[in-house]
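J.: My structure file my_file_33.pdb, PDB, C-alpha atoms, is below:
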ATOM      1  CA  MET A   6     -11.257 -18.963 -27.238  1.00  0.00           C
ATOM      2  CA  PRO A   7     -10.560 -16.488 -24.401  1.00  0.00           C
ATOM      3  CA  PRO A   8     -11.564 -12.901 -25.185  1.00  0.00           C
ATOM      4  CA  LEU A   9      -8.823 -10.642 -26.510  1.00  0.00           C
ATOM      5  CA  ARG A  10      -7.395  -8.244 -23.943  1.00  0.00           C
ATOM      6  CA  ARG A  11      -8.024  -4.612 -24.781  1.00  0.00           C
ATOM      7  CA  TRP A  12      -5.245  -2.170 -23.949  1.00  0.00           C
ATOM      8  CA  HIS A  13      -5.926   1.484 -23.203  1.00  0.00           C
ATOM      9  CA  PHE A  14      -3.347   4.256 -22.796  1.00  0.00           C
ATOM     10  CA  LEU A  15      -3.516   7.758 -21.356  1.00  0.00           C
ATOM     11  CA  THR A  16      -0.892  10.514 -21.143  1.00  0.00           C
ATOM     12  CA  ARG A  17      -1.556  13.773 -19.342  1.00  0.00           C
ATOM     13  CA  LEU A  18       0.239  16.825 -17.965  1.00  0.00           C
ATOM     14  CA  GLU A  19      -1.321  18.952 -15.234  1.00  0.00           C
ATOM     15  CA  ALA A  20      -0.045  22.338 -14.090  1.00  0.00           C
ATOM     16  CA  THR A  21      -1.170  23.983 -10.840  1.00  0.00           C
ATOM     17  CA  THR A  22       0.104  26.580  -8.389  1.00  0.00           C
ATOM     18  CA  LEU A  23       0.879  25.680  -4.793  1.00  0.00           C
ATOM     19  CA  THR A  24       1.704  27.662  -1.657  1.00  0.00           C
ATOM     20  CA  LEU A  25       3.251  26.030   1.428  1.00  0.00           C
ATOM     21  CA  LEU A  26       2.698  27.964   4.642  1.00  0.00           C
ATOM     22  CA  PRO A  27       4.965  27.536   7.717  1.00  0.00           C
ATOM     23  CA  ARG A  28       3.635  26.134  10.970  1.00  0.00           C
ATOM     24  CA  ASP A  29       3.354  28.381  14.033  1.00  0.00           C
ATOM     25  CA  GLY A  30       4.908  31.270  12.104  1.00  0.00           C
ATOM     26  CA  MET A  31       8.312  29.560  11.868  1.00  0.00           C
ATOM     27  CA  GLY A  32      10.072  30.102   8.551  1.00  0.00           C
ATOM     28  CA  GLN A  33       8.615  31.709   5.451  1.00  0.00           C
ATOM     29  CA  ASP A  34       5.985  30.736   2.951  1.00  0.00           C
ATOM     30  CA  GLU A  35       7.025  29.163  -0.330  1.00  0.00           C
ATOM     31  CA  GLY A  36       5.305  29.293  -3.703  1.00  0.00           C
ATOM     32  CA  PHE A  37       5.589  26.673  -6.446  1.00  0.00           C
ATOM     33  CA  VAL A  38       4.238  25.814  -9.833  1.00  0.00           C
ATOM     34  CA  GLN A  39       3.509  22.092  -9.833  1.00  0.00           C
ATOM     35  CA  LEU A  40       3.888  20.066 -13.025  1.00  0.00           C
ATOM     36  CA  GLU A  41       2.442  16.561 -12.829  1.00  0.00           C
ATOM     37  CA  PRO A  42       2.976  14.259 -15.830  1.00  0.00           C
ATOM     38  CA  SER A  43       1.040  10.969 -15.960  1.00  0.00           C
ATOM     39  CA  LEU A  44       1.164   7.774 -17.983  1.00  0.00           C
ATOM     40  CA  VAL A  45      -1.618   5.196 -17.571  1.00  0.00           C
ATOM     41  CA  VAL A  46      -1.657   1.732 -19.115  1.00  0.00           C
ATOM     42  CA  ASP A  47      -4.855  -0.273 -18.651  1.00  0.00           C
ATOM     43  CA  GLY A  48      -4.689  -3.939 -19.580  1.00  0.00           C
ATOM     44  CA  GLY A  49      -7.939  -5.009 -17.951  1.00  0.00           C
ATOM     45  CA  GLU A  50      -8.348  -6.688 -14.579  1.00  0.00           C
ATOM     46  CA  LEU A  51      -5.011  -8.538 -14.892  1.00  0.00           C
ATOM     47  CA  PHE A  52      -2.691  -5.569 -15.465  1.00  0.00           C
ATOM     48  CA  GLY A  53      -2.671  -1.882 -14.643  1.00  0.00           C
ATOM     49  CA  LEU A  54       0.096   0.729 -14.505  1.00  0.00           C
ATOM     50  CA  ASN A  55      -0.031   4.375 -13.466  1.00  0.00           C
ATOM     51  CA  LEU A  56       3.211   6.374 -13.518  1.00  0.00           C
ATOM     52  CA  GLY A  57       3.655  10.000 -12.567  1.00  0.00           C
ATOM     53  CA  ALA A  58       4.800  12.331  -9.832  1.00  0.00           C
ATOM     54  CA  PRO A  59       4.457  16.028  -9.015  1.00  0.00           C
ATOM     55  CA  VAL A  60       7.500  18.191  -9.768  1.00  0.00           C
ATOM     56  CA  ARG A  61       7.384  21.430  -7.782  1.00  0.00           C
ATOM     57  CA  LEU A  62       9.297  24.354  -9.298  1.00  0.00           C
ATOM     58  CA  ARG A  63       9.977  27.199  -6.870  1.00  0.00           C
ATOM     59  CA  LEU A  64       8.447  30.598  -7.613  1.00  0.00           C
ATOM     60  CA  TRP A  65       9.296  32.447  -4.400  1.00  0.00           C
ATOM     61  CA  GLY A  66      10.534  31.874  -0.868  1.00  0.00           C
ATOM     62  CA  GLU A  67      13.894  30.564  -1.983  1.00  0.00           C
ATOM     63  CA  SER A  68      16.288  29.955   0.899  1.00  0.00           C
ATOM     64  CA  ARG A  69      20.044  30.095   0.577  1.00  0.00           C
ATOM     65  CA  GLY A  70      21.379  27.189  -1.464  1.00  0.00           C
ATOM     66  CA  ALA A  71      17.926  25.944  -2.500  1.00  0.00           C
ATOM     67  CA  GLY A  72      17.441  24.875  -6.102  1.00  0.00           C
ATOM     68  CA  SER A  73      14.581  25.472  -8.462  1.00  0.00           C
ATOM     69  CA  VAL A  74      13.012  22.066  -7.622  1.00  0.00           C
ATOM     70  CA  ARG A  75      11.753  21.436  -4.073  1.00  0.00           C
ATOM     71  CA  GLU A  76      14.546  19.318  -2.628  1.00  0.00           C
ATOM     72  CA  GLU A  77      12.487  17.640   0.134  1.00  0.00           C
ATOM     73  CA  ASP A  78      10.448  15.754  -2.478  1.00  0.00           C
ATOM     74  CA  TRP A  79      13.485  13.994  -3.988  1.00  0.00           C
ATOM     75  CA  ASP A  80      16.255  13.990  -1.354  1.00  0.00           C
ATOM     76  CA  THR A  81      16.115  10.249  -0.513  1.00  0.00           C
ATOM     77  CA  LEU A  82      16.065   7.058  -2.566  1.00  0.00           C
ATOM     78  CA  SER A  83      12.620   6.192  -1.194  1.00  0.00           C
ATOM     79  CA  ASP A  84      11.164   9.397  -2.664  1.00  0.00           C
ATOM     80  CA  TRP A  85      11.636   7.985  -6.158  1.00  0.00           C
ATOM     81  CA  GLY A  86       8.976   5.415  -5.295  1.00  0.00           C
ATOM     82  CA  GLN A  87       6.312   8.092  -5.779  1.00  0.00           C
ATOM     83  CA  VAL A  88       6.788   7.725  -9.538  1.00  0.00           C
ATOM     84  CA  VAL A  89       4.845   4.429  -9.283  1.00  0.00           C
ATOM     85  CA  ARG A  90       1.339   5.471  -8.371  1.00  0.00           C
ATOM     86  CA  LEU A  91      -0.125   2.075  -9.123  1.00  0.00           C
ATOM     87  CA  LEU A  92       1.099  -1.267 -10.425  1.00  0.00           C
ATOM     88  CA  SER A  93      -1.372  -4.126 -10.483  1.00  0.00           C
ATOM     89  CA  VAL A  94      -0.590  -7.609 -11.785  1.00  0.00           C
ATOM     90  CA  GLY A  95      -3.265 -10.291 -11.403  1.00  0.00           C
ATOM     91  CA  SER A  96      -6.632 -10.097  -9.665  1.00  0.00           C
ATOM     92  CA  ASP A  97      -8.326 -11.387  -6.523  1.00  0.00           C
ATOM     93  CA  ALA A  98      -9.064 -14.645  -8.347  1.00  0.00           C
ATOM     94  CA  SER A  99      -5.444 -15.155  -9.501  1.00  0.00           C
ATOM     95  CA  PRO A 100      -3.242 -17.685  -7.659  1.00  0.00           C
ATOM     96  CA  VAL A 101      -0.538 -14.993  -7.419  1.00  0.00           C
ATOM     97  CA  ALA A 102      -1.149 -11.237  -7.490  1.00  0.00           C
ATOM     98  CA  LEU A 103       1.025  -8.160  -6.993  1.00  0.00           C
ATOM     99  CA  TRP A 104       0.009  -4.623  -6.115  1.00  0.00           C
ATOM    100  CA  ALA A 105       2.341  -1.638  -5.630  1.00  0.00           C
ATOM    101  CA  GLY A 106       1.850   2.045  -4.852  1.00  0.00           C
ATOM    102  CA  SER A 107       0.908   4.134  -1.843  1.00  0.00           C
ATOM    103  CA  LEU A 108      -0.541   2.297   1.171  1.00  0.00           C
ATOM    104  CA  ASP A 109      -3.585   3.922   2.731  1.00  0.00           C
ATOM    105  CA  CYS A 110      -5.370   2.279   5.692  1.00  0.00           C
ATOM    106  CA  TYR A 111      -3.681  -1.043   4.913  1.00  0.00           C
ATOM    107  CA  SER A 112      -4.297  -4.047   7.185  1.00  0.00           C
ATOM    108  CA  LEU A 113      -2.371  -7.322   7.035  1.00  0.00           C
ATOM    109  CA  LEU A 114      -5.122  -9.983   6.761  1.00  0.00           C
ATOM    110  CA  SER A 115      -6.391 -10.383  10.354  1.00  0.00           C
ATOM    111  CA  GLY A 116      -5.042  -6.954  11.293  1.00  0.00           C
ATOM    112  CA  HIS A 117      -3.536  -8.132  14.596  1.00  0.00           C
ATOM    113  CA  LEU A 118      -0.071  -6.737  13.826  1.00  0.00           C
ATOM    114  CA  VAL A 119      -0.718  -4.160  11.084  1.00  0.00           C
ATOM    115  CA  ARG A 120      -4.023  -2.343  10.969  1.00  0.00           C
ATOM    116  CA  ARG A 121      -4.990   0.791   9.018  1.00  0.00           C
ATOM    117  CA  TYR A 122      -1.382   1.657   8.230  1.00  0.00           C
ATOM    118  CA  SER A 123      -0.413   4.463   5.852  1.00  0.00           C
ATOM    119  CA  ASN A 124       3.068   5.034   4.435  1.00  0.00           C
ATOM    120  CA  ARG A 125       2.433   8.614   3.253  1.00  0.00           C
ATOM    121  CA  ASN A 126       1.804  10.436   6.542  1.00  0.00           C
ATOM    122  CA  ASN A 127       5.081  12.349   6.256  1.00  0.00           C
ATOM    123  CA  PRO A 128       4.672  15.048   3.555  1.00  0.00           C
ATOM    124  CA  ASP A 129       8.396  14.834   2.684  1.00  0.00           C
ATOM    125  CA  TYR A 130       8.517  11.016   2.478  1.00  0.00           C
ATOM    126  CA  HIS A 131       6.993   9.430  -0.622  1.00  0.00           C
ATOM    127  CA  PRO A 132       7.716   5.679  -0.710  1.00  0.00           C
ATOM    128  CA  ALA A 133       6.059   3.023  -2.828  1.00  0.00           C
ATOM    129  CA  GLY A 134       4.774  -0.002  -0.948  1.00  0.00           C
ATOM    130  CA  ALA A 135       3.951  -3.431  -2.354  1.00  0.00           C
ATOM    131  CA  VAL A 136       1.576  -6.264  -1.476  1.00  0.00           C
ATOM    132  CA  LEU A 137       2.009  -9.820  -2.765  1.00  0.00           C
ATOM    133  CA  THR A 138      -0.700 -12.462  -2.368  1.00  0.00           C
ATOM    134  CA  GLY A 139      -0.675 -16.138  -3.217  1.00  0.00           C
ATOM    135  CA  THR A 140      -2.999 -19.128  -2.911  1.00  0.00           C
ATOM    136  CA  LEU A 141      -1.946 -22.782  -2.983  1.00  0.00           C
ATOM    137  CA  GLY A 142      -4.715 -25.208  -2.085  1.00  0.00           C
ATOM    138  CA  PRO A 143      -5.791 -24.516   1.519  1.00  0.00           C
ATOM    139  CA  LEU A 144      -2.893 -22.091   2.161  1.00  0.00           C
ATOM    140  CA  TYR A 145      -3.273 -18.354   1.603  1.00  0.00           C
ATOM    141  CA  THR A 146      -0.297 -15.999   1.955  1.00  0.00           C
ATOM    142  CA  GLU A 147      -0.044 -12.238   2.004  1.00  0.00           C
ATOM    143  CA  ALA A 148       3.245 -10.333   2.270  1.00  0.00           C
ATOM    144  CA  PHE A 149       3.871  -6.609   2.177  1.00  0.00           C
ATOM    145  CA  VAL A 150       6.614  -4.012   2.366  1.00  0.00           C
ATOM    146  CA  SER A 151       5.927  -0.358   3.111  1.00  0.00           C
ATOM    147  CA  ASP A 152       8.946   0.897   1.151  1.00  0.00           C
ATOM    148  CA  VAL A 153      10.330  -1.156  -1.726  1.00  0.00           C
ATOM    149  CA  LEU A 154      13.446   1.050  -1.871  1.00  0.00           C
ATOM    150  CA  GLY A 155      14.145   1.104   1.875  1.00  0.00           C
ATOM    151  CA  ALA A 156      13.852  -1.298   4.820  1.00  0.00           C
ATOM    152  CA  ARG A 157      11.095   0.415   6.795  1.00  0.00           C
ATOM    153  CA  LEU A 158       8.234  -1.972   7.588  1.00  0.00           C
ATOM    154  CA  MET A 159       7.647  -5.439   6.178  1.00  0.00           C
ATOM    155  CA  GLY A 160       5.679  -8.516   7.136  1.00  0.00           C
ATOM    156  CA  ALA A 161       3.737 -11.580   6.049  1.00  0.00           C
ATOM    157  CA  GLU A 162       0.852 -13.728   7.209  1.00  0.00           C
ATOM    158  CA  PHE A 163       0.112 -17.362   6.370  1.00  0.00           C
ATOM    159  CA  ALA A 164      -3.473 -18.576   6.783  1.00  0.00           C
ATOM    160  CA  LEU A 165      -4.453 -22.259   6.593  1.00  0.00           C
ATOM    161  CA  ASP A 166      -8.039 -23.231   5.780  1.00  0.00           C
ATOM    162  CA  VAL A 167      -8.601 -26.108   8.246  1.00  0.00           C
ATOM    163  CA  GLN A 168     -11.916 -27.179   6.729  1.00  0.00           C
ATOM    164  CA  HIS A 169     -10.276 -27.444   3.320  1.00  0.00           C
ATOM    165  CA  VAL A 170      -7.590 -29.737   4.764  1.00  0.00           C
ATOM    166  CA  LEU A 171     -10.032 -32.016   6.596  1.00  0.00           C
ATOM    167  CA  SER A 172     -12.955 -32.274   4.183  1.00  0.00           C
ATOM    168  CA  GLY A 173     -11.938 -30.590   0.954  1.00  0.00           C
ATOM    169  CA  GLN A 174     -12.811 -27.205  -0.491  1.00  0.00           C
ATOM    170  CA  SER A 175     -16.076 -25.809   0.847  1.00  0.00           C
ATOM    171  CA  ALA A 176     -18.583 -23.260  -0.396  1.00  0.00           C
ATOM    172  CA  GLN A 177     -17.430 -20.874   2.365  1.00  0.00           C
ATOM    173  CA  PRO A 178     -13.617 -20.861   2.283  1.00  0.00           C
ATOM    174  CA  GLY A 179     -11.783 -19.467   5.279  1.00  0.00           C
ATOM    175  CA  ARG A 180     -14.470 -20.250   7.813  1.00  0.00           C
ATOM    176  CA  TYR A 181     -12.031 -22.086  10.116  1.00  0.00           C
ATOM    177  CA  THR A 182      -8.429 -20.938   9.882  1.00  0.00           C
ATOM    178  CA  LEU A 183      -5.072 -21.129  11.616  1.00  0.00           C
ATOM    179  CA  ALA A 184      -2.753 -18.219  10.919  1.00  0.00           C
ATOM    180  CA  LEU A 185       0.821 -17.148  11.625  1.00  0.00           C
ATOM    181  CA  SER A 186       1.961 -13.572  11.044  1.00  0.00           C
ATOM    182  CA  ALA A 187       5.248 -11.727  11.539  1.00  0.00           C
ATOM    183  CA  VAL A 188       6.249  -8.096  11.048  1.00  0.00           C
ATOM    184  CA  HIS A 189       9.674  -6.430  11.146  1.00  0.00           C
ATOM    185  CA  GLU A 190      10.153  -2.690  11.539  1.00  0.00           C
ATOM    186  CA  GLY A 191      13.497  -1.183  10.619  1.00  0.00           C
ATOM    187  CA  THR A 192      14.748   2.340  11.170  1.00  0.00           C
ATOM    188  CA  GLY A 193      13.090   4.912   8.956  1.00  0.00           C
ATOM    189  CA  ILE A 194      13.871   8.419   7.838  1.00  0.00           C
ATOM    190  CA  GLY A 195      14.982  10.375  10.894  1.00  0.00           C
ATOM    191  CA  ASP A 196      14.064   7.580  13.324  1.00  0.00           C
ATOM    192  CA  THR A 197      16.260   6.742  16.304  1.00  0.00           C
ATOM    193  CA  ALA A 198      14.214   3.833  17.684  1.00  0.00           C
ATOM    194  CA  ARG A 199      15.716   0.361  17.561  1.00  0.00           C
ATOM    195  CA  ARG A 200      14.470  -2.296  15.170  1.00  0.00           C
ATOM    196  CA  THR A 201      11.506  -4.388  16.272  1.00  0.00           C
ATOM    197  CA  THR A 202      10.114  -7.773  15.221  1.00  0.00           C
ATOM    198  CA  LEU A 203       6.663  -9.031  16.223  1.00  0.00           C
ATOM    199  CA  ALA A 204       4.956 -12.394  15.644  1.00  0.00           C
ATOM    200  CA  HIS A 205       1.431 -13.632  16.259  1.00  0.00           C
ATOM    201  CA  VAL A 206      -0.389 -16.963  15.923  1.00  0.00           C
ATOM    202  CA  ASP A 207      -4.156 -17.239  16.077  1.00  0.00           C
ATOM    203  CA  ALA A 208      -7.164 -19.422  15.304  1.00  0.00           C
ATOM    204  CA  ALA A 209     -10.431 -18.074  13.943  1.00  0.00           C
ATOM    205  CA  ALA A 210     -13.854 -19.627  13.476  1.00  0.00           C
ATOM    206  CA  VAL A 211     -16.949 -18.149  11.869  1.00  0.00           C
ATOM    207  CA  VAL A 212     -19.767 -19.557  14.010  1.00  0.00           C
ATOM    208  CA  LEU A 213     -22.728 -17.791  12.394  1.00  0.00           C
ATOM    209  CA  VAL A 214     -23.365 -16.350   8.945  1.00  0.00           C
ATOM    210  CA  GLN A 215     -26.589 -14.686   7.881  1.00  0.00           C
ATOM    211  CA  ARG A 216     -26.852 -12.855   4.589  1.00  0.00           C
ATOM    212  CA  GLY A 217     -29.862 -11.056   3.196  1.00  0.00           C
ATOM    213  CA  MET A 218     -30.581  -9.033   0.099  1.00  0.00           C
ATOM    214  CA  ASN A 219     -29.288  -5.725   1.476  1.00  0.00           C
ATOM    215  CA  SER A 220     -27.504  -6.631   4.711  1.00  0.00           C
ATOM    216  CA  GLY A 221     -25.633  -9.411   6.441  1.00  0.00           C
ATOM    217  CA  PHE A 222     -24.461 -10.594   9.831  1.00  0.00           C
ATOM    218  CA  GLU A 223     -21.398 -12.636  10.773  1.00  0.00           C
ATOM    219  CA  ALA A 224     -20.172 -13.786  14.196  1.00  0.00           C
ATOM    220  CA  GLN A 225     -16.544 -14.856  14.689  1.00  0.00           C
ATOM    221  CA  VAL A 226     -14.471 -16.272  17.531  1.00  0.00           C
ATOM    222  CA  PHE A 227     -10.739 -15.553  17.794  1.00  0.00           C
ATOM    223  CA  ALA A 228      -8.019 -17.014  19.988  1.00  0.00           C
ATOM    224  CA  GLY A 229      -4.384 -16.066  19.670  1.00  0.00           C
ATOM    225  CA  TRP A 230      -1.015 -15.324  21.231  1.00  0.00           C
ATOM    226  CA  GLY A 231       1.863 -13.121  20.163  1.00  0.00           C
TER
END
Re-express the file's structure as structure tokens.
T.:
Amino acid sequence: MPPLRRWHFLTRLEATTLTLLPRDGMGQDEGFVQLEPSLVVDGGELFGLNLGAPVRLRLWGESRGAGSVREEDWDTLSDWGQVVRLLSVGSDASPVALWAGSLDCYSLLSGHLVRRYSNRNNPDYHPAGAVLTGTLGPLYTEAFVSDVLGARLMGAEFALDVQHVLSGQSAQPGRYTLALSAVHEGTGIGDTARRTTLAHVDAAAVVLVQRGMNSGFEAQVFAGWG
């Protein structure tokens, strides 16, 4: 019998004070009291949920027409994505897995098209990204979107394990692969640049692997075009 899944729950409310200072002396400083409710559901390695977002109530520095809640934190549909801090369904060993939340230093598999990307660099833009992975025999797929509520940046990469196709599953999966990736960038908040689509195909081979108790060494060869 499989072990019973243990569920754990946590609710919390944090209150802090916050002061936002203008850059280069432009504008005036603003003071807020920040209320941050949280709800955490832990279902083990196969499910996790963390909901919560900071709500900043203005104490001083109110400009004309400004409300009690800082408007820049909730003025677009994408800002409501910050409510989902983390959603995890499945694990690395699952045939299909989903992860959602903020993206920090995210790379799309090989990293040729998307490398160390973050979707929270703008302090007034709080989207929720998502990453979907799937494995079917020798084919591994990873797809992502930087903003589930807005068409900002999205892409996918398909990697084929050549050794698995030719001689069956090996002890070192992914040693020889062929991959195809594509990324589309739409217009974001305040952007005027036109939409862009990139594609890349590459082959990779791990020619040397040495692993010790505390360290390891791996040599790879890449060839690609995009």
J.: Please give the centre and size of the box around segment 205-210 of chain A (axis-aligned, containing every atom listed in the file, 4 Å added per side), with values in Å to one decimal and written as JSON.
T.:
{"center_x": -6.2, "center_y": -16.6, "center_z": 14.9, "size_x": 23.3, "size_y": 14.0, "size_z": 10.8}
J.: For the atom pair atom CA of Arg63 of chain A and atom CA of Glu19 of chain A, what is the interatomic distance in Å to one decimal place?
T.: 16.3 Å
J.: For Arg10 of chain A, which residue among A:Asp47, A:Thr24, A:Leu62, A:Gly217 is the nearest when counting only C-alpha atoms?
T.: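 Answer, going by the shortest atom-to-atom distance: A:Asp47.
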J.: Convert the output of the PyMOL selection byres ((chain A and resi 72-78) around 12) on the shown file into explicit residues, formatted as a PyMOL selection string.
T.: chain A and resi 23+25+35-40+58-71+79-88+127-132
J.: So what does the PyMOL selection byres ((chain A and resi 142-152) around 8) actually pick up in this one, as a VMD selection string?
T.: chain A and resid 83 86 108 113 to 114 124 132 to 141 153 to 167 169 to 170 174
J.: Could you pull the residues within 8 Å of Gly57 of chain A, counting all atoms listed in the file, minus those fewer than 3 positions along the same chain, as a VMD selection string?
T.: chain A and resid 41 to 44 87 to 90
J.: Residues as selected, C-alpha atoms, written as a compact mmCIF listing (two decimals), in the coordinates of the input, can you do that?
T.:
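Written file, part.txt:
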# COMPACT_ATOMS: atom_id res chain seq x y z
CA GLU A 41 2.44 16.56 -12.83
CA PRO A 42 2.98 14.26 -15.83
CA SER A 43 1.04 10.97 -15.96
CA LEU A 44 1.16 7.77 -17.98
CA GLN A 87 6.31 8.09 -5.78
CA VAL A 88 6.79 7.72 -9.54
CA VAL A 89 4.84 4.43 -9.28
CA ARG A 90 1.34 5.47 -8.37
J.: What gap, in Å, lies between atom CA of Val119 of chain A and atom CA of Gly179 of chain A?
T.: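 These atoms are spaced 19.8 Å apart.
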J.: Please, what distance in Å, to one decimal, runs between atom CA of Ser93 of chain A and atom CA of Val206 of chain A?
T.: 29.4 Å
J.: From the set A:Gly229, A:Gln177, A:Val188, A:Thr22, which residue has the shortest atom-to-atom contact distance to Ser112 of chain A, counting all atoms listed in the file?
T.: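 So, comparing all the options, the nearest one is A:Val188.
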J.: I'd like the residues picked by the PyMOL selection byres ((chain A and resi 207-213) around 12) written out as an NGL selection string, using the chain letters and numbers from the file.
T.: :A and (114-118 or 162-168 or 177-187 or 204-206 or 214-216 or 221-231)
J.: N, CA and C atoms are what I want for segment 91-102 of chain A; can you complete it accordingly and write them as a PDB file, keeping the file's coordinate frame?
T.:
ATOM      1  N   LEU A  91       0.607   3.332  -9.202  1.00  0.00           N
ATOM      2  CA  LEU A  91      -0.125   2.075  -9.123  1.00  0.00           C
ATOM      3  C   LEU A  91       0.467   1.075 -10.101  1.00  0.00           C
ATOM      4  N   LEU A  92       0.714  -0.130  -9.595  1.00  0.00           N
ATOM      5  CA  LEU A  92       1.099  -1.267 -10.425  1.00  0.00           C
ATOM      6  C   LEU A  92       0.291  -2.456  -9.944  1.00  0.00           C
ATOM      7  N   SER A  93      -0.503  -3.018 -10.830  1.00  0.00           N
ATOM      8  CA  SER A  93      -1.372  -4.126 -10.483  1.00  0.00           C
ATOM      9  C   SER A  93      -1.172  -5.253 -11.480  1.00  0.00           C
ATOM     10  N   VAL A  94      -0.780  -6.426 -10.961  1.00  0.00           N
ATOM     11  CA  VAL A  94      -0.590  -7.609 -11.785  1.00  0.00           C
ATOM     12  C   VAL A  94      -1.426  -8.732 -11.177  1.00  0.00           C
ATOM     13  N   GLY A  95      -2.375  -9.270 -11.931  1.00  0.00           N
ATOM     14  CA  GLY A  95      -3.265 -10.291 -11.403  1.00  0.00           C
ATOM     15  C   GLY A  95      -4.498  -9.670 -10.775  1.00  0.00           C
ATOM     16  N   SER A  96      -5.390 -10.533 -10.292  1.00  0.00           N
ATOM     17  CA  SER A  96      -6.632 -10.097  -9.665  1.00  0.00           C
ATOM     18  C   SER A  96      -6.865 -10.899  -8.394  1.00  0.00           C
ATOM     19  N   ASP A  97      -8.003 -10.657  -7.746  1.00  0.00           N
ATOM     20  CA  ASP A  97      -8.326 -11.387  -6.523  1.00  0.00           C
ATOM     21  C   ASP A  97      -8.505 -12.882  -6.782  1.00  0.00           C
ATOM     22  N   ALA A  98      -8.872 -13.238  -8.014  1.00  0.00           N
ATOM     23  CA  ALA A  98      -9.064 -14.645  -8.347  1.00  0.00           C
ATOM     24  C   ALA A  98      -7.790 -15.322  -8.848  1.00  0.00           C
ATOM     25  N   SER A  99      -6.698 -14.582  -9.005  1.00  0.00           N
ATOM     26  CA  SER A  99      -5.444 -15.155  -9.501  1.00  0.00           C
ATOM     27  C   SER A  99      -4.718 -15.894  -8.378  1.00  0.00           C
ATOM     28  N   PRO A 100      -4.006 -16.989  -8.695  1.00  0.00           N
ATOM     29  CA  PRO A 100      -3.242 -17.685  -7.659  1.00  0.00           C
ATOM     30  C   PRO A 100      -2.121 -16.837  -7.081  1.00  0.00           C
ATOM     31  N   VAL A 101      -1.572 -15.918  -7.878  1.00  0.00           N
ATOM     32  CA  VAL A 101      -0.538 -14.993  -7.419  1.00  0.00           C
ATOM     33  C   VAL A 101      -0.895 -13.609  -7.950  1.00  0.00           C
ATOM     34  N   ALA A 102      -0.828 -12.605  -7.095  1.00  0.00           N
ATOM     35  CA  ALA A 102      -1.149 -11.237  -7.490  1.00  0.00           C
ATOM     36  C   ALA A 102      -0.188 -10.275  -6.810  1.00  0.00           C
TER      37      ALA A 102
END
